[in-house]
Amino acid sequence: MKKDEEYGGSNPYQCSDKTSVLQEARVFNETPVNVKRSTHVLTKILYLLNQGESLGTKEATDVFFAMTKLFQSNDIILRRLVYLGIKELCGVAEDTIIVTSSLTKDMTGREDQYRAPAIRALCRITDSSMLQAVERYMKQAMVDRTSGVSSAALVSCRHIAQHSPDVVKRWVAEVQEAVQSDNVMVQFHGLGVLHQIRKSDKLAVTKMVSKLISSGMRSPYAICLLIRIVAKLIEEEDSSASERSRLIEFLEAMLRHKAEMVVYEAANAIVALSTTTSRDLVAAIAVLQLFLSSPKPTLRFAAVRTLGKVAMTQPAAVTACNLDLENLLQDVNRSIATLAITTLLKTGSEGSIDRLMRSIAAFLNDISDEFKIVVVEALRSLALQYPRKQAVLMGQLADMLRNEGGLAYKEAIASTIITIIEENPDAKEKGLDHLCEFIEDCEHTTLAVRILHLLGKEGPRTSRPARYIRFIYNRVILENAAVRAAAVSVLARFGAQCPDLLPNILVLLQRCMLDTEDEVRDRSTYYHAVLSTRDAALIARCILNPPMYSLSSLERALLSYLSSDTSKSFDASCVPTAPPPASAASLTSSAASSITAAISGGADVAATPAQRQEERTISTHDKYAERLAAIPAFSGLGPLFKSSQPVELTESETEYVVRCIKHTFLGHIVLQFDCTNTLNDQLLENVSVVVEEDGVNWQILHTLPCPSLPYSTPGTCYVLLAIPEDMMSTTGTFTACLKFQVRDCDPITGEPETEDGYEDDYTLEDIDINVSDHVSKAQRSNFAAAWEELGPGSELEDTFALTNLTTLAEAVTQVTNFLGMHPCDRSDKVPDGKNSHTLYLAGTYRGGQSVLVRAKLALSDGVAMQLTVRSTDSAVSEVIASAVG
């Protein structure tokens with residue numbers, strides 16, 4: 001108790017239990033009303049509800065009806081608690097309309113302290129059918145002389161507008177009168193309601209803004225809202241140049257307003273405009289620079305946060321604020337100091353990096369891991385911007401890696417070091433040394449496994465790969481089973497790529513066969529047997545580029561095999577490959593973005609970006625596979641090989657919105673058409689898509705229509721195509737037409753007004769089936785070994801002139817997307833200042849054939865390309881090479 005008194009007392013409702021509190025609620029039925037006990041119990045109920053406790057319908061109804069008896073008391077505190085209870089329980093309890101008369105009486109009474117909360121409670125339980133009964137009272141309340149009552153009515157209007165917008169539109173005269181009020185909050189709420197009424201009519205919004213700009217507003221809150229409305233108008237494409245100029249002048253004028261919140265809102269709106277140039281930013285940046293030295297922490301935080309956003313796109317514009325930002329590094333608020341250092345890292349020059357590193361080291365231990373991750377992301381951007389300073393930055397990252405921190409923080413640092421290694425080959429060995437030192441004391445299994453995987457990928461390509469063997473074998477001796485198994489796999493990769501180390505690797509693998517864990521022993525035995533053969537092709541196939549199947553698809557294929565004839569061997573070529581993992585750079589960037597969002601808005605960062613990417617990609621494929629397998633017409637097509645990205649066949653503003661997804665199987669393609677009817681006065685029935693090919697190669701086997709397509713309810717129809725046996729004829733263009741039967745219906749209820757409809761159709765965009773629809777992306781961690789494994793037996797080579805392309809980066813993107821393959825060895829990134837580049841692509845052709853492409857690109861009147869294709873099937877090589885031509 002003494003400790004509680006020192007800290008200001010404990011929470012008296014902390015130990016409240018729902019069951020006991022509901023029992024105590026019987027006090028509401030006492031006559032006369034026990035004000036003190038009722039107030040205490042009602043407060044407990046509201047506390048439990050706000051802590052996330054839920055009541056059942058019967059429980060909520062019983063409490064609600066008991067609570068209505070408290071209207072017999074005139075105690076102000078108890079009455080206002082009753083209003084809160086009504087608002088909390090009205091969504092769960094039944095027959096809440098019973099309190100309408102009591103609330104209406106309080107709403108129209110003389111006690112001002114009752115009227116405002118009564119209005120809020122009444123509007124929560126009122127539906128569209130009851131609004132006419134209270135419409136007159138609401139109009140009077142909006143223009144009431146008491147500001148609290150008027151604001152309550154206006155805020156309630158915004159809630160009513162969500163389910164009854166037409167009713168609120170009839171109150172526009174009273175709302176306009178509220179906008180002219182002298183009270184700052186009434187004017188603010190009135191403008192919010194007026195904009196909500198008119199937001200669907202751009203002309204009306206423009207007139208409203210022009211009138212308010214010319215007449216002026218007293219409320220700073222209302223001016224802030226007006227600034228946001230103006231910024232939205234400026235961003236709209238159909239705004240004229242003169243109108244946009246006048247609105248920007250208003251924003252610049254608000255930079256000189258006497259209210260600080262208005263000044264900041266105007267500056268924030270100007271820097272956020274997509275059309276803002278560096279010259280337009282000068283005035284806004286000057287205002288934000290003044291706020292950096294404000295004695296108010298909120299202004300300093302807002303200014304540095306906004307400048308940080310500007311620095312991401314236009315760092316030169318923020319350079320003038322660097323001195324003020326450096327002064328904030330010693331700010332007592334660590335959030336402000338962190339945002340200041342991250343902004344400086346984006347805007348600082350190469351010469352200021354050493355000084356910034358010292359500043360980071362000074363306060364890094366005082367901030368949380370979430371802010372540390374933001375700092376790490378800023379260091380990553382700086383390292384990519386100034387390659388000559390990567391040694392200093394990597395040293396700082398290594399020091400941070402050795403300090404205390406959680407898994408997400410350590411993963412961000414490791415990902416940043418990996419990104420630097422990938423972007424700058426000169427920093428590879430130094431970065432690997434730092435990571436090797438880290439895994440000596442790493443307590444996170446997933447991170448240790450990831451670093452070991454990187455060592456297996458990059459270590460054999462360094463000048464002295466033998467020095468990494470000690471760090472790897474230490475993991476076999478000292479770590480848990482998962483890390484030991486990963487270390488064994490990495491040892492095998494060193495043995496596969498470094499012939500001079502192979503005898504020593506075989507000895508180490510032989511020792512690993514005595515491990516206590518089955519997985520470690522099995523891997524050691526397997527890799528030892530493969531490496532002992534000295535067969536380069538076998539080693540490449542089993543160690544350097546092993547098959548990477550989608551586990552869920554492999555499981556489904558194995559179950560299907562076991563349920564059928566097992567006399568034939570299992571064919572793994574039909575199993576789709578797993579999607580290639582995201583790059584370290586994208587994972588680091590998305591991690592920092594999610595953390596930054598969490599700092600400013602409370603985003604969920606429980607799952608890592610890598611987990612979310614993998615879950616999203618695999619679950620999408622599985623979802624399509626299960627959905628198609630459940631349709632009898634498609635159940636015998638076999639495993640799903642690939643699904644394309646959705647292709648829009650109509651504009652998003654048209655009356656019917658259709659998009660197409662192409663699902664590729666071994667011998668068939670299923671066209672899935674997702675349709676949406678945007679007309680609320682039509683019901684579409686028997687909806688189908690008729691496709692026709694220009695030639696005669698493709699055969700349409702089956703069309704599956706959508707029985708009904710109501711307004712705004714998505715529906716799906718399908719078309720099954722048989723892929724031609726001739727591999728050179730597996731691409732084509734199809735015309736598409738949406739056919740359906742139309743029945744007129746009531747726009748409100750959606751019920752058909754006629755028994756019989758009429759036939760109609762709607763022309764769609766053409767559908768292209770390209771070579772990329774027959775190829776899935778495949779991962780090859782060692783492209784050179786995979787290239788040699790396929791050999792020149794099925795090699796095809798040709799030269800092309802890509803005259804419509806002007807840069808190598810554009811050519812890399814176009815070729816990769818056209819072929820639908822995965823770039824290997826980071827060849828999708830073109831070094832700056834290069835006139836030639838080699839692109840390596842890997843994929844799997846429909847049926848399981850491996851395909852590799854080497855494209856040598858050079859700038860010459862466009863881009864010249866020498867394309868070399870190798871595959872396990874010469875016919876596939878011919879298909880890929882001819883598709884480009």
# chains A, B, ... in the order shown; residues from 1 in each chain; ligands from 1
$ residues_around --residues "region 313-326 of chain A" --least-positions-apart "4" --cutoff "8 Å" --atoms "only C-alpha atoms" --output "compact mmCIF listing (two decimals) with N, CA, C and O atoms, in the first residue's frame"
# COMPACT_ATOMS: atom_id res chain seq x y z
N SER A 278 11.47 22.05 -56.11
CA SER A 278 12.40 22.52 -55.07
C SER A 278 12.19 23.99 -54.77
O SER A 278 12.32 24.43 -53.61
N LEU A 281 9.33 24.60 -52.41
CA LEU A 281 9.53 24.12 -51.05
C LEU A 281 10.20 25.13 -50.14
O LEU A 281 10.20 24.96 -48.91
N VAL A 282 10.82 26.16 -50.70
CA VAL A 282 11.69 27.05 -49.92
C VAL A 282 10.95 27.64 -48.72
O VAL A 282 11.43 27.60 -47.58
N ILE A 285 9.99 24.91 -46.11
CA ILE A 285 11.17 24.43 -45.40
C ILE A 285 11.65 25.46 -44.38
O ILE A 285 12.07 25.13 -43.27
N GLN A 289 12.07 24.85 -40.46
CA GLN A 289 13.37 25.08 -39.83
C GLN A 289 13.22 25.91 -38.56
O GLN A 289 13.90 25.66 -37.55
N LEU A 292 12.14 23.75 -35.68
CA LEU A 292 13.17 22.87 -35.12
C LEU A 292 13.76 23.44 -33.83
O LEU A 292 14.22 22.68 -32.98
N SER A 293 13.75 24.73 -33.68
CA SER A 293 14.29 25.37 -32.47
C SER A 293 13.19 25.80 -31.51
O SER A 293 13.44 26.59 -30.59
N VAL A 304 10.67 17.81 -37.60
CA VAL A 304 11.74 16.89 -38.01
C VAL A 304 11.15 15.68 -38.72
O VAL A 304 11.76 15.12 -39.66
N LEU A 307 10.37 16.94 -42.27
CA LEU A 307 11.61 17.11 -43.02
C LEU A 307 12.22 15.77 -43.41
O LEU A 307 12.83 15.64 -44.47
N LYS A 309 10.52 13.14 -44.24
CA LYS A 309 9.78 12.69 -45.44
C LYS A 309 10.26 13.42 -46.69
O LYS A 309 10.40 12.81 -47.75
N ALA A 340 16.02 13.05 -36.16
CA ALA A 340 17.02 14.02 -36.63
C ALA A 340 18.21 13.31 -37.25
O ALA A 340 18.69 13.72 -38.32
N ILE A 341 18.70 12.24 -36.62
CA ILE A 341 19.87 11.55 -37.15
C ILE A 341 19.53 10.83 -38.45
O ILE A 341 20.33 10.83 -39.40
N THR A 343 17.30 11.79 -40.62
CA THR A 343 17.19 12.83 -41.65
C THR A 343 18.56 13.32 -42.08
O THR A 343 18.82 13.52 -43.27
N LEU A 344 19.46 13.48 -41.12
CA LEU A 344 20.82 13.91 -41.45
C LEU A 344 21.55 12.87 -42.30
O LEU A 344 22.34 13.22 -43.19
N LYS A 346 20.24 11.12 -44.49
CA LYS A 346 19.73 11.21 -45.86
C LYS A 346 20.24 12.46 -46.57
O LYS A 346 20.35 12.49 -47.79
N THR A 347 20.51 13.51 -45.78
CA THR A 347 20.88 14.78 -46.40
C THR A 347 22.35 15.12 -46.24
O THR A 347 22.85 16.05 -46.89
N GLY A 348 23.07 14.41 -45.35
CA GLY A 348 24.45 14.76 -45.07
C GLY A 348 25.36 14.49 -46.26
O GLY A 348 25.08 13.67 -47.13
$ residues_around --residues "region 106-112 of chain A" --least-positions-apart "6" --cutoff "8 Å" --atoms "only C-alpha atoms" --output "PDB file with N, CA, C and O atoms, in the first residue's frame"
ATOM      1  N   ALA A 118     -26.914  13.520 -24.596  1.00  0.00           N
ATOM      2  CA  ALA A 118     -28.160  12.858 -25.009  1.00  0.00           C
ATOM      3  C   ALA A 118     -28.263  12.795 -26.530  1.00  0.00           C
ATOM      4  O   ALA A 118     -28.714  11.801 -27.097  1.00  0.00           O
ATOM      5  N   ILE A 119     -27.836  13.867 -27.193  1.00  0.00           N
ATOM      6  CA  ILE A 119     -27.852  13.873 -28.661  1.00  0.00           C
ATOM      7  C   ILE A 119     -26.935  12.785 -29.204  1.00  0.00           C
ATOM      8  O   ILE A 119     -27.292  12.034 -30.120  1.00  0.00           O
ATOM      9  N   TYR A 137     -35.566  18.293 -34.058  1.00  0.00           N
ATOM     10  CA  TYR A 137     -34.718  18.573 -32.898  1.00  0.00           C
ATOM     11  C   TYR A 137     -33.252  18.702 -33.307  1.00  0.00           C
ATOM     12  O   TYR A 137     -32.499  19.512 -32.761  1.00  0.00           O
ATOM     13  N   THR A 146     -25.721  27.211 -27.354  1.00  0.00           N
ATOM     14  CA  THR A 146     -24.695  26.529 -26.555  1.00  0.00           C
ATOM     15  C   THR A 146     -23.763  25.766 -27.494  1.00  0.00           C
ATOM     16  O   THR A 146     -24.205  24.886 -28.245  1.00  0.00           O
ATOM     17  N   VAL A 149     -23.686  21.805 -27.348  1.00  0.00           N
ATOM     18  CA  VAL A 149     -24.848  21.165 -27.964  1.00  0.00           C
ATOM     19  C   VAL A 149     -24.725  21.190 -29.481  1.00  0.00           C
ATOM     20  O   VAL A 149     -24.972  20.204 -30.172  1.00  0.00           O
TER      21      VAL A 149
END
$ closest_atom_pairs --of "region 92-160 of chain A" --to "region 52-65 of chain A" --cutoff "6 Å" --atoms "only C-alpha atoms" --output "tab-separated table"
residue	atom	partner	partner_atom	distance
A:Val92	CA	A:Thr57	CA	5.6
A:Ala93	CA	A:Thr61	CA	4.3
A:Glu94	CA	A:Thr61	CA	5.7
$ write_last_selection --atoms "N, CA, C and O atoms" --output "short mmCIF file (atom, residue, chain, number, x, y, z; two decimals), in the first residue's frame"
data_model
loop_
_atom_site.label_atom_id
_atom_site.label_comp_id
_atom_site.auth_asym_id
_atom_site.auth_seq_id
_atom_site.Cartn_x
_atom_site.Cartn_y
_atom_site.Cartn_z
N VAL A 92 -24.86 -4.19 -29.13
CA VAL A 92 -24.96 -5.59 -28.72
C VAL A 92 -26.35 -5.91 -28.17
O VAL A 92 -26.93 -6.95 -28.48
N ALA A 93 -26.89 -5.01 -27.37
CA ALA A 93 -28.18 -5.27 -26.73
C ALA A 93 -29.32 -5.18 -27.74
O ALA A 93 -29.20 -4.60 -28.82
N GLU A 94 -30.44 -5.78 -27.37
CA GLU A 94 -31.64 -5.78 -28.21
C GLU A 94 -32.65 -4.77 -27.68
O GLU A 94 -32.66 -4.43 -26.49
#
$ atom_distance --atom1 "CA of Asn680 (chain A)" --atom2 "CA of Gln645 (chain A)"
28.6 Å
$ atom_distance --atom1 "CA of Ala414 (chain A)" --atom2 "CA of Ala398 (chain A)"
8.9 Å
$ select_by_dssp --residues "region 732-801 of chain A" --states "alpha helix (DSSP H)" --output "PyMOL selection string"
chain A and resi 783-790
$ closest_residue --among "A:Met394, A:Ser836, A:Val488, A:Arg145" --to "Glu519 (chain A)" --atoms "only C-alpha atoms"
A:Val488
$ residues_around --residues "Glu422 (chain A)" --least-positions-apart "5" --cutoff "12 Å" --atoms "only C-alpha atoms" --output "PyMOL selection string"
chain A and resi 383-384+415-417+427-429+431-432+454+457-458+583-585+825-829+831
$ write_last_selection --atoms "C-alpha atoms" --output "PDB file, in the first residue's frame"
ATOM      1  CA  ALA A 383      26.151   3.299 -47.820  1.00  0.00           C
ATOM      2  CA  LEU A 384      24.561   2.897 -51.241  1.00  0.00           C
ATOM      3  CA  SER A 415      20.326  -7.481 -44.007  1.00  0.00           C
ATOM      4  CA  THR A 416      22.019  -4.089 -44.405  1.00  0.00           C
ATOM      5  CA  ILE A 417      25.483  -5.658 -44.408  1.00  0.00           C
ATOM      6  CA  ALA A 427      33.156  -4.857 -49.583  1.00  0.00           C
ATOM      7  CA  LYS A 428      32.297  -8.560 -49.739  1.00  0.00           C
ATOM      8  CA  GLU A 429      35.208 -10.004 -47.754  1.00  0.00           C
ATOM      9  CA  GLY A 431      31.359  -7.811 -44.646  1.00  0.00           C
ATOM     10  CA  LEU A 432      31.686 -11.592 -44.438  1.00  0.00           C
ATOM     11  CA  LEU A 454      25.189 -16.360 -47.239  1.00  0.00           C
ATOM     12  CA  LYS A 457      26.770 -18.642 -51.412  1.00  0.00           C
ATOM     13  CA  GLU A 458      29.517 -15.976 -51.339  1.00  0.00           C
ATOM     14  CA  SER A 583      16.285  -9.814 -52.031  1.00  0.00           C
ATOM     15  CA  ALA A 584      17.941  -8.642 -48.832  1.00  0.00           C
ATOM     16  CA  ALA A 585      17.612  -5.024 -49.926  1.00  0.00           C
ATOM     17  CA  ASP A 825      23.566 -13.809 -59.659  1.00  0.00           C
ATOM     18  CA  ARG A 826      22.085 -10.320 -59.198  1.00  0.00           C
ATOM     19  CA  SER A 827      22.358  -9.756 -62.942  1.00  0.00           C
ATOM     20  CA  ASP A 828      19.145  -7.717 -62.939  1.00  0.00           C
ATOM     21  CA  LYS A 829      21.122  -4.757 -61.548  1.00  0.00           C
ATOM     22  CA  PRO A 831      26.218  -1.015 -62.781  1.00  0.00           C
TER      23      PRO A 831
END
$ residues_around --residues "region 844-853 of chain A" --least-positions-apart "5" --cutoff "9 Å" --atoms "only C-alpha atoms" --output "ChimeraX atom specification"
/A:572-577,641-642,664-667,773-778,783,786-787,790,821,839,867-873,876-877,880
$ residues_around --residues "region 530-540 of chain A" --least-positions-apart "3" --cutoff "9 Å" --atoms "only C-alpha atoms" --output "VMD selection string"
chain A and resid 492 495 to 496 502 506 525 to 527 543 to 546 782 785 to 786 788 to 790
$ residues_around --residues "region 252-260 of chain A" --least-positions-apart "5" --cutoff "9 Å" --atoms "only C-alpha atoms" --output "VMD selection string"
chain A and resid 220 223 227 247 265 to 267 270 283 to 284 287 299
$ residues_around --residues "Asn74 (chain A)" --least-positions-apart "5" --cutoff "12 Å" --atoms "only C-alpha atoms" --output "MDAnalysis selection string"
chainID A and resid 32:35 69 79:80 82 106 111 113:114
$ write_last_selection --atoms "all heavy atoms" --output "tab-separated table (two decimals), in the first residue's frame"
chain	number	residue	atom	x	y	z
A	32	PRO	N	-35.43	3.79	-3.80
A	32	PRO	CA	-34.94	4.78	-4.77
A	32	PRO	C	-33.54	4.41	-5.27
A	32	PRO	O	-32.88	3.52	-4.72
A	32	PRO	CB	-34.93	6.08	-3.96
A	32	PRO	CG	-34.68	5.62	-2.55
A	32	PRO	CD	-35.42	4.32	-2.43
A	33	VAL	N	-33.07	5.11	-6.28
A	33	VAL	CA	-31.78	4.82	-6.89
A	33	VAL	C	-30.66	5.12	-5.92
A	33	VAL	O	-30.61	6.19	-5.32
A	33	VAL	CB	-31.59	5.66	-8.19
A	33	VAL	CG1	-30.19	5.45	-8.76
A	33	VAL	CG2	-32.65	5.28	-9.21
A	34	ASN	N	-29.78	4.12	-5.75
A	34	ASN	CA	-28.59	4.31	-4.93
A	34	ASN	C	-27.50	4.91	-5.82
A	34	ASN	O	-26.80	4.21	-6.55
A	34	ASN	CB	-28.12	2.95	-4.36
A	34	ASN	CG	-27.02	3.11	-3.33
A	34	ASN	OD1	-26.20	4.03	-3.42
A	34	ASN	ND2	-27.00	2.21	-2.34
A	35	VAL	N	-27.38	6.24	-5.79
A	35	VAL	CA	-26.52	6.96	-6.74
A	35	VAL	C	-25.06	6.53	-6.60
A	35	VAL	O	-24.37	6.26	-7.60
A	35	VAL	CB	-26.66	8.48	-6.54
A	35	VAL	CG1	-25.66	9.23	-7.42
A	35	VAL	CG2	-28.08	8.91	-6.84
A	69	LYS	N	-33.36	2.31	-15.83
A	69	LYS	CA	-34.08	2.73	-14.62
A	69	LYS	C	-33.33	3.83	-13.87
A	69	LYS	O	-33.90	4.46	-12.97
A	69	LYS	CB	-34.28	1.53	-13.71
A	69	LYS	CG	-35.15	0.44	-14.35
A	69	LYS	CD	-35.36	-0.75	-13.42
A	69	LYS	CE	-36.23	-1.82	-14.11
A	69	LYS	NZ	-36.43	-2.99	-13.24
A	79	ARG	N	-26.06	10.40	-14.67
A	79	ARG	CA	-26.78	10.51	-15.93
A	79	ARG	C	-25.79	10.46	-17.12
A	79	ARG	O	-26.04	9.79	-18.12
A	79	ARG	CB	-27.57	11.81	-15.96
A	79	ARG	CG	-28.40	12.03	-17.24
A	79	ARG	CD	-29.53	11.00	-17.33
A	79	ARG	NE	-30.45	11.12	-16.23
A	79	ARG	CZ	-31.51	11.94	-16.19
A	79	ARG	NH1	-31.77	12.72	-17.23
A	79	ARG	NH2	-32.30	11.97	-15.16
A	80	ARG	N	-24.65	11.11	-17.00
A	80	ARG	CA	-23.68	11.12	-18.10
A	80	ARG	C	-23.03	9.75	-18.25
A	80	ARG	O	-22.69	9.33	-19.36
A	80	ARG	CB	-22.62	12.20	-17.86
A	80	ARG	CG	-23.26	13.59	-17.79
A	80	ARG	CD	-22.24	14.69	-17.86
A	80	ARG	NE	-21.66	14.80	-19.20
A	80	ARG	CZ	-20.86	15.80	-19.55
A	80	ARG	NH1	-20.56	16.75	-18.69
A	80	ARG	NH2	-20.37	15.85	-20.76
A	82	VAL	N	-24.69	7.02	-17.72
A	82	VAL	CA	-25.75	6.27	-18.41
A	82	VAL	C	-25.67	6.50	-19.91
A	82	VAL	O	-25.81	5.56	-20.72
A	82	VAL	CB	-27.14	6.66	-17.86
A	82	VAL	CG1	-28.24	6.07	-18.73
A	82	VAL	CG2	-27.29	6.19	-16.43
A	106	ASP	N	-34.34	14.53	-22.60
A	106	ASP	CA	-33.10	15.20	-22.16
A	106	ASP	C	-32.56	16.11	-23.25
A	106	ASP	O	-31.98	17.16	-22.98
A	106	ASP	CB	-32.05	14.16	-21.79
A	106	ASP	CG	-32.36	13.48	-20.47
A	106	ASP	OD1	-33.29	13.94	-19.78
A	106	ASP	OD2	-31.68	12.50	-20.13
A	111	GLU	N	-31.48	21.52	-19.28
A	111	GLU	CA	-30.18	21.24	-18.67
A	111	GLU	C	-29.14	21.02	-19.77
A	111	GLU	O	-29.15	19.99	-20.45
A	111	GLU	CB	-30.27	20.00	-17.77
A	111	GLU	CG	-28.98	19.65	-17.05
A	111	GLU	CD	-28.48	20.79	-16.16
A	111	GLU	OE1	-29.18	21.17	-15.20
A	111	GLU	OE2	-27.39	21.31	-16.48
A	113	GLN	N	-26.05	20.34	-19.63
A	113	GLN	CA	-25.12	19.23	-19.41
A	113	GLN	C	-25.74	17.90	-19.82
A	113	GLN	O	-25.01	16.92	-20.00
A	113	GLN	CB	-24.70	19.18	-17.94
A	113	GLN	CG	-23.89	20.40	-17.52
A	113	GLN	CD	-23.23	20.17	-16.17
A	113	GLN	OE1	-22.52	19.22	-15.97
A	113	GLN	NE2	-23.49	21.09	-15.23
A	114	TYR	N	-27.05	17.83	-19.95
A	114	TYR	CA	-27.72	16.62	-20.43
A	114	TYR	C	-27.83	16.62	-21.95
A	114	TYR	O	-27.76	15.56	-22.59
A	114	TYR	CB	-29.14	16.51	-19.86
A	114	TYR	CG	-29.21	16.20	-18.37
A	114	TYR	CD1	-30.42	16.26	-17.70
A	114	TYR	CD2	-28.07	15.85	-17.66
A	114	TYR	CE1	-30.51	15.98	-16.35
A	114	TYR	CE2	-28.15	15.57	-16.30
A	114	TYR	CZ	-29.37	15.64	-15.66
A	114	TYR	OH	-29.44	15.36	-14.33
